[in-house]
$ cat coords22.cif   # mmCIF, C-alpha atoms
data_target
#
loop_
_atom_site.label_atom_id
_atom_site.label_comp_id
_atom_site.auth_asym_id
_atom_site.auth_seq_id
_atom_site.Cartn_x
_atom_site.Cartn_y
_atom_site.Cartn_z
CA MET A 881 -47.78 -31.42 -64.73
CA PHE A 882 -49.87 -34.01 -62.95
CA ALA A 883 -53.17 -34.56 -61.17
CA VAL A 884 -53.73 -37.64 -59.01
CA TYR A 885 -57.08 -39.26 -58.22
CA ILE A 886 -56.69 -42.00 -55.57
CA ASN A 887 -59.99 -43.78 -54.79
CA ASP A 888 -62.87 -41.43 -53.93
CA ILE A 889 -61.13 -38.16 -53.06
CA MET A 890 -63.25 -35.88 -50.88
CA ASP A 891 -64.57 -32.51 -51.98
CA GLY A 892 -62.34 -30.40 -49.72
CA VAL A 893 -59.71 -28.21 -51.36
CA THR A 894 -57.50 -27.26 -48.43
CA SER A 895 -54.01 -28.65 -48.94
CA TYR A 896 -50.66 -29.24 -47.35
CA VAL A 897 -47.74 -28.03 -49.45
CA TRP A 898 -44.27 -29.56 -49.56
CA MET A 899 -41.45 -28.06 -51.60
CA ARG A 900 -37.90 -28.94 -52.54
CA ASN A 901 -36.49 -25.71 -53.94
CA ARG A 902 -33.51 -25.40 -56.23
CA GLU A 903 -30.38 -24.44 -54.34
CA ASN A 904 -28.61 -21.13 -55.04
CA LYS A 905 -30.77 -20.24 -58.03
CA GLN A 906 -34.24 -18.91 -58.73
CA GLY A 907 -36.84 -21.14 -60.36
CA GLY A 908 -36.83 -24.91 -60.58
CA GLY A 909 -37.51 -27.33 -57.78
CA VAL A 910 -40.56 -29.50 -57.13
CA MET A 911 -43.79 -29.05 -55.19
CA LEU A 912 -46.46 -31.47 -53.99
CA LEU A 913 -49.94 -30.52 -52.76
CA LEU A 914 -51.97 -33.04 -50.77
CA LYS A 915 -55.40 -32.60 -49.25
CA LYS A 916 -55.38 -32.19 -45.50
CA GLU A 917 -57.72 -35.14 -45.05
CA TRP A 918 -54.86 -37.46 -45.94
CA THR A 919 -52.62 -38.61 -43.09
CA VAL A 920 -48.95 -38.12 -43.99
CA GLU A 921 -46.55 -40.77 -42.70
CA GLY A 922 -43.31 -38.96 -43.47
CA VAL A 923 -41.50 -36.62 -45.86
CA THR A 924 -38.10 -37.21 -47.50
CA TYR A 925 -36.15 -34.45 -49.23
CA GLY A 926 -33.58 -35.06 -51.93
CA GLU A 927 -29.99 -34.49 -50.85
CA GLY A 928 -27.32 -32.49 -52.62
CA GLU A 929 -28.55 -30.98 -55.88
CA ALA A 930 -31.38 -33.47 -56.41
CA GLU A 931 -34.75 -31.81 -57.05
CA VAL A 932 -36.68 -34.72 -55.56
CA LEU A 933 -39.32 -34.95 -52.84
CA SER A 934 -41.14 -37.96 -51.39
CA VAL A 935 -44.28 -37.83 -49.23
CA GLY A 936 -45.78 -40.97 -47.68
CA ILE A 937 -49.58 -41.26 -47.36
CA ARG A 938 -50.80 -43.71 -44.73
CA LEU A 939 -53.12 -46.47 -45.95
CA GLN A 940 -56.01 -48.02 -44.05
CA ARG A 941 -54.66 -51.56 -44.34
CA GLY A 942 -51.24 -50.59 -43.08
CA GLY A 943 -48.15 -49.24 -44.74
CA CYS A 944 -48.14 -46.18 -46.93
CA ARG A 945 -48.00 -45.04 -50.53
CA ASN A 946 -45.09 -42.71 -51.31
CA ILE A 947 -45.48 -40.06 -54.02
CA ALA A 948 -42.22 -38.62 -55.32
CA PRO A 949 -42.14 -35.68 -57.78
CA VAL A 950 -38.87 -35.22 -59.70
CA TYR A 951 -37.45 -32.53 -61.95
CA VAL A 952 -34.32 -32.71 -64.10
CA PRO A 953 -33.40 -29.69 -66.28
CA PRO A 954 -32.72 -30.24 -69.99
CA LYS A 955 -29.12 -30.82 -71.03
CA THR A 956 -27.48 -28.02 -73.01
CA ASN A 957 -24.03 -27.30 -74.39
CA SER A 958 -23.40 -24.92 -71.48
CA TRP A 959 -23.78 -27.55 -68.78
CA THR A 960 -21.29 -27.29 -65.92
CA GLU A 961 -19.91 -29.85 -63.46
CA GLU A 962 -22.56 -28.64 -61.02
CA LEU A 963 -25.33 -29.74 -63.36
CA TYR A 964 -23.72 -33.12 -63.96
CA LYS A 965 -23.59 -33.51 -60.19
CA LYS A 966 -27.34 -32.79 -60.13
CA LEU A 967 -27.92 -35.83 -62.34
CA GLU A 968 -25.82 -38.08 -60.11
CA ASP A 969 -27.52 -36.76 -56.96
CA THR A 970 -30.92 -37.38 -58.56
CA LEU A 971 -30.05 -40.98 -59.43
CA ASP A 972 -28.62 -41.62 -55.95
CA CYS A 973 -31.77 -40.19 -54.37
CA LEU A 974 -34.09 -42.32 -56.51
CA ARG A 975 -32.06 -45.47 -55.84
CA ARG A 976 -32.26 -44.81 -52.11
CA LEU A 977 -36.03 -44.23 -52.25
CA LEU A 978 -36.55 -47.45 -54.20
CA GLU A 979 -34.52 -49.36 -51.61
CA GLU A 980 -36.35 -47.86 -48.64
CA LYS A 981 -39.94 -47.52 -49.91
CA ASP A 982 -42.19 -50.43 -50.80
CA LYS A 983 -45.09 -48.69 -52.53
CA ILE A 984 -43.79 -45.70 -54.46
CA LEU A 985 -44.98 -43.63 -57.38
CA ILE A 986 -42.33 -41.48 -59.07
CA MET A 987 -43.49 -38.72 -61.40
CA GLY A 988 -42.08 -35.65 -63.07
CA ASP A 989 -40.11 -34.12 -65.90
CA PHE A 990 -37.09 -36.36 -66.48
CA ASN A 991 -36.08 -34.78 -69.82
CA CYS A 992 -35.42 -38.20 -71.37
CA LYS A 993 -36.93 -37.57 -74.77
CA LYS A 994 -34.60 -40.03 -76.57
CA VAL A 995 -35.74 -43.02 -74.54
CA SER A 996 -38.08 -45.39 -76.38
CA TRP A 997 -40.11 -46.86 -73.52
CA GLU A 998 -42.03 -49.19 -75.85
CA ASN A 999 -38.81 -50.85 -77.04
CA TRP A 1000 -36.83 -50.36 -73.82
CA SER A 1001 -34.06 -48.77 -75.83
CA MET A 1002 -32.15 -45.51 -75.91
CA GLU A 1003 -30.61 -43.38 -78.67
CA GLY A 1004 -27.15 -42.37 -77.52
CA SER A 1005 -24.26 -43.61 -75.41
CA GLU A 1006 -24.46 -45.81 -72.33
CA ALA A 1007 -23.21 -42.86 -70.27
CA SER A 1008 -26.13 -40.64 -71.32
CA TRP A 1009 -28.71 -39.45 -68.80
CA GLY A 1010 -31.55 -41.17 -70.63
CA ASN A 1011 -29.77 -44.52 -70.57
CA LYS A 1012 -29.10 -44.21 -66.84
CA VAL A 1013 -32.79 -43.60 -66.17
CA LEU A 1014 -33.72 -46.54 -68.40
CA GLU A 1015 -31.30 -48.79 -66.50
CA LEU A 1016 -32.78 -47.61 -63.19
CA VAL A 1017 -36.27 -48.60 -64.35
CA ILE A 1018 -35.15 -51.99 -65.71
CA ASP A 1019 -32.96 -52.91 -62.72
CA ASN A 1020 -35.79 -52.20 -60.26
CA VAL A 1021 -38.51 -53.89 -62.37
CA LEU A 1022 -40.53 -50.68 -62.69
CA THR A 1023 -43.26 -49.64 -65.14
CA GLN A 1024 -43.29 -46.32 -67.00
CA TRP A 1025 -46.90 -45.39 -67.83
CA VAL A 1026 -46.79 -42.29 -70.05
CA GLU A 1027 -47.37 -43.34 -73.67
CA GLU A 1028 -47.87 -39.99 -75.43
CA ASN A 1029 -45.91 -36.81 -76.03
CA THR A 1030 -46.22 -34.44 -73.10
CA ARG A 1031 -44.52 -31.25 -74.30
CA PHE A 1032 -45.88 -29.14 -77.17
CA ARG A 1033 -44.48 -25.77 -78.16
CA GLY A 1034 -45.68 -24.18 -81.40
CA GLU A 1035 -43.90 -25.69 -84.42
CA ASP A 1036 -41.31 -27.54 -82.30
CA GLU A 1037 -41.38 -31.30 -82.53
CA PRO A 1038 -43.48 -32.68 -79.64
CA SER A 1039 -41.58 -34.78 -77.13
CA ARG A 1040 -42.24 -37.11 -74.22
CA LEU A 1041 -40.36 -35.53 -71.31
CA ASP A 1042 -42.62 -36.51 -68.42
CA SER A 1043 -42.85 -39.92 -66.81
CA ILE A 1044 -44.98 -41.74 -64.24
CA ILE A 1045 -43.16 -44.74 -62.78
CA THR A 1046 -44.44 -47.39 -60.34
CA ARG A 1047 -43.48 -50.85 -59.11
CA GLU A 1048 -46.95 -52.29 -59.31
CA PRO A 1049 -49.48 -52.24 -62.19
CA ASP A 1050 -51.48 -49.56 -60.42
CA ILE A 1051 -52.62 -47.10 -63.09
CA ILE A 1052 -56.15 -47.95 -64.25
CA GLU A 1053 -56.94 -44.82 -66.27
CA MET A 1054 -54.90 -41.97 -67.74
CA ASN A 1055 -55.97 -38.77 -69.53
CA TYR A 1056 -53.83 -36.16 -71.28
CA LYS A 1057 -55.45 -32.76 -70.85
CA SER A 1058 -54.62 -29.25 -71.97
CA PRO A 1059 -51.77 -27.46 -70.15
CA ILE A 1060 -52.43 -25.21 -67.17
CA GLY A 1061 -52.05 -21.53 -68.01
CA LYS A 1062 -49.12 -20.87 -70.34
CA SER A 1063 -47.30 -24.11 -69.62
CA ASP A 1064 -46.15 -26.13 -72.65
CA HIS A 1065 -46.51 -29.43 -70.77
CA VAL A 1066 -49.80 -31.31 -70.81
CA LEU A 1067 -51.74 -31.96 -67.62
CA ILE A 1068 -51.69 -35.70 -66.94
CA GLU A 1069 -54.65 -36.92 -64.91
CA TYR A 1070 -54.61 -40.53 -63.76
CA ILE A 1071 -56.52 -42.84 -61.47
CA LEU A 1072 -54.42 -45.01 -59.19
CA ARG A 1073 -55.67 -48.37 -57.92
CA GLU A 1074 -55.05 -48.62 -54.20
CA GLY A 1075 -55.28 -51.78 -52.13
CA GLY A 1076 -56.55 -49.98 -49.05
CA LYS A 1077 -58.29 -46.69 -48.57
CA ILE A 1078 -56.26 -43.69 -47.50
CA ILE A 1079 -56.67 -42.71 -43.87
CA ARG A 1080 -58.24 -39.28 -43.68
CA ASN A 1081 -58.45 -36.77 -40.87
CA GLU A 1082 -62.20 -36.15 -40.69
CA ASP A 1083 -61.77 -33.35 -38.15
CA ASN A 1084 -60.22 -31.24 -40.90
CA ARG A 1085 -63.63 -30.78 -42.51
CA LYS A 1086 -64.64 -28.65 -39.52
CA GLU A 1087 -61.96 -26.12 -40.49
CA CYS A 1088 -63.49 -25.16 -43.84
CA PHE A 1089 -64.09 -21.49 -44.61
CA ASP A 1090 -66.82 -19.86 -46.68
CA TYR A 1091 -64.64 -17.65 -48.89
CA ASN A 1092 -67.68 -16.30 -50.72
CA LYS A 1093 -68.55 -14.36 -47.54
CA THR A 1094 -65.06 -12.92 -47.06
CA ASN A 1095 -64.81 -9.36 -45.75
CA PHE A 1096 -62.35 -8.31 -48.44
CA GLU A 1097 -62.11 -4.72 -47.21
CA GLN A 1098 -60.91 -5.77 -43.77
CA LEU A 1099 -58.77 -8.56 -45.20
CA GLY A 1100 -57.06 -6.02 -47.46
CA LYS A 1101 -56.33 -3.78 -44.47
CA HIS A 1102 -54.92 -6.79 -42.64
CA PHE A 1103 -52.39 -7.37 -45.42
CA GLU A 1104 -51.53 -3.66 -45.64
CA GLU A 1105 -50.85 -3.42 -41.91
CA ALA A 1106 -49.00 -6.74 -41.59
CA GLN A 1107 -45.36 -6.65 -40.52
CA TRP A 1108 -43.72 -7.53 -43.84
CA ASP A 1109 -40.21 -6.54 -42.72
CA THR A 1110 -39.51 -10.05 -41.46
CA PHE A 1111 -40.66 -11.45 -44.80
CA PHE A 1112 -38.17 -9.38 -46.80
CA GLU A 1113 -35.40 -10.02 -44.27
CA ALA A 1114 -35.82 -13.80 -44.44
CA GLU A 1115 -32.77 -15.61 -45.79
CA ASN A 1116 -34.41 -18.27 -47.94
CA VAL A 1117 -37.63 -19.28 -49.69
CA GLU A 1118 -38.73 -21.64 -46.91
CA GLU A 1119 -38.63 -18.87 -44.30
CA LYS A 1120 -40.46 -16.44 -46.62
CA TRP A 1121 -43.14 -19.04 -47.29
CA ALA A 1122 -43.64 -19.73 -43.56
CA ILE A 1123 -44.02 -16.01 -42.82
CA PHE A 1124 -46.44 -15.49 -45.70
CA VAL A 1125 -48.60 -18.45 -44.67
CA ARG A 1126 -48.74 -17.20 -41.07
CA ILE A 1127 -49.88 -13.72 -42.15
CA TYR A 1128 -52.37 -15.19 -44.61
CA ASN A 1129 -53.86 -17.61 -42.07
CA GLU A 1130 -54.21 -14.85 -39.48
CA GLY A 1131 -56.22 -12.79 -41.98
CA VAL A 1132 -58.41 -15.72 -43.00
CA GLU A 1133 -59.23 -16.64 -39.42
CA LYS A 1134 -60.30 -13.05 -38.68
CA TRP A 1135 -62.20 -12.08 -41.82
CA VAL A 1136 -63.42 -15.30 -43.46
CA PRO A 1137 -66.40 -16.98 -41.71
CA GLY A 1138 -66.26 -20.68 -41.00
CA MET A 1139 -68.59 -23.37 -42.32
CA LYS A 1140 -70.27 -26.12 -40.35
CA LYS A 1141 -69.44 -29.71 -41.16
CA GLY A 1142 -71.39 -30.79 -44.24
CA GLN A 1143 -72.42 -27.23 -45.13
CA LYS A 1144 -71.86 -26.16 -48.73
CA SER A 1145 -70.85 -22.69 -49.81
CA ARG A 1146 -73.31 -20.76 -51.97
CA GLY A 1147 -72.43 -18.85 -55.10
CA GLU A 1148 -69.43 -20.96 -55.97
CA TRP A 1149 -66.88 -19.04 -58.07
CA TYR A 1150 -66.49 -22.04 -60.39
CA ASN A 1151 -69.79 -21.41 -62.14
CA ARG A 1152 -71.28 -22.45 -65.48
CA LYS A 1153 -69.28 -19.80 -67.31
CA CYS A 1154 -66.06 -21.31 -66.00
CA VAL A 1155 -67.19 -24.81 -66.94
CA ASP A 1156 -67.99 -23.72 -70.51
CA ALA A 1157 -64.63 -21.94 -70.85
CA LYS A 1158 -62.77 -25.05 -69.66
CA GLN A 1159 -64.67 -27.26 -72.11
CA GLU A 1160 -63.88 -24.90 -75.00
CA LYS A 1161 -60.21 -24.97 -74.05
CA GLU A 1162 -60.15 -28.78 -73.94
CA LYS A 1163 -61.98 -28.94 -77.28
CA ALA A 1164 -59.41 -26.65 -78.95
CA TRP A 1165 -56.56 -28.61 -77.36
CA ASN A 1166 -57.84 -31.97 -78.61
CA LYS A 1167 -58.25 -30.60 -82.14
CA TRP A 1168 -54.62 -29.43 -82.05
CA ARG A 1169 -53.38 -32.81 -80.77
CA LYS A 1170 -55.11 -34.72 -83.57
CA ASN A 1171 -54.00 -32.44 -86.40
CA ARG A 1172 -51.08 -30.20 -85.47
CA ARG A 1173 -51.70 -27.26 -87.80
CA MET A 1174 -50.67 -23.73 -86.89
CA ASP A 1175 -54.22 -22.40 -87.30
CA LEU A 1176 -55.44 -24.94 -84.72
CA TRP A 1177 -52.54 -24.05 -82.43
CA ASN A 1178 -53.42 -20.35 -82.66
CA GLU A 1179 -57.07 -21.19 -82.01
CA TYR A 1180 -56.06 -23.04 -78.85
CA LYS A 1181 -53.53 -20.45 -77.73
CA PHE A 1182 -55.80 -17.44 -78.12
#

$ encode --input "coords22.cif" --output "structure tokens"
Amino acid sequence: MFAVYINDIMDGVTSYVWMRNRENKQGGGVMLLLKKEWTVEGVTYGEGEAEVLSVGIRLQRGGCRNIAPVYVPPKTNSWTEELYKKLEDTLDCLRRLLEEKDKILIMGDFNCKKVSWENWSMEGSEASWGNKVLELVIDNVLTQWVEENTRFRGEDEPSRLDSIITREPDIIEMNYKSPIGKSDHVLIEYILREGGKIIRNEDNRKECFDYNKTNFEQLGKHFEEAQWDTFFEAENVEEKWAIFVRIYNEGVEKWVPGMKKGQKSRGEWYNRKCVDAKQEKEKAWNKWRKNRRMDLWNEYKF
């Protein structure tokens, strides 16, 4: 899982959401959240079975930076021809993006734990998935930035499944933080050097809401009385998401007061208690990373 800090990101939290869902099966897929202040140049969805998404963010000096999340499921003995096709579709999609996009950052779970990025070598055959990814990186003169293990699960051997890949030497700082919730993948937070500032839509700041003053009683009635039949009759996830967002936004506009530009909400939910809890979690996580004993793992987990 990843967090991106590009230049001085503003304090707003409202986001645009793009998704590339897995076809014909629950779970999987990729999602990208970008703050609404950023101007999006275009969105590209992976074709076939590829769980790939690319969103271009317009830059002040011209051009755009494309961010492309990727997910590839782990290989098992029960893999079918459909899953092998997913690998080929993913490679084809990435090759096409690299041909079409100048500035691009590719990130995600590639499940290439046998690749030694320090030695540019691979354990296994030339036809293996890991070797194909390694060849893609070498052929396109790319840099893979993740240097530590990113997946930890109890007594299992830690592995480096996640990658951050760019053309330019753009990463200036990287931190490996504790997983979100019950995930067994670390949260990777990195700062990306950008040649020109991102163009932001300043008018979006006028649309902020003061959620601390929400009329939850009326908002609850709004959700109870909403016409959910269309939601359950929708044929796919995209349609369900669009219906849910419409109902949600209608409720927010009615029962959550707006904030003036520059005004700050009082009584923020992320208070000192939350800060202390987060720090304790990070402290327990760092102790586990340095000395992977089960007692430290249990301390972190519970």

$ residues_around --input "coords22.cif" --residues "Arg1126 in chain A" --least-positions-apart "6" --cutoff "12 Å" --atoms "all atoms listed in the file" --output "list in words"
Phe1103, Ala1106, Gln1107, Trp1108, Thr1110, Phe1111, Glu1119, Lys1120, Val1132 and Glu1133 of chain A

$ resolve_selection --input "coords22.cif" --expression "the PyMOL selection byres ((chain A and resi 988-1004) around 6)" --output "PyMOL selection string"
chain A and resi 949-952+954+987+1005+1010-1011+1039-1043

$ closest_residue --input "coords22.cif" --among "A:Ile1060, A:Val1136, A:Trp1177, A:Trp898" --to "Glu1097 in chain A" --atoms "all atoms listed in the file"
A:Val1136

$ closest_residue --input "coords22.cif" --among "A:Leu971, A:Ile1045, A:Val935, A:Val1117" --to "Glu903 in chain A" --atoms "all atoms listed in the file"
A:Val1117

$ resolve_selection --input "coords22.cif" --expression "the PyMOL selection byres ((chain A and resi 938) around 8)" --output "list in words"
Trp918, Thr919, Val920, Glu921, Gly936, Ile937, Leu939, Gln940, Gly942, Gly943, Cys944, Arg945, Ile1078 and Ile1079 of chain A
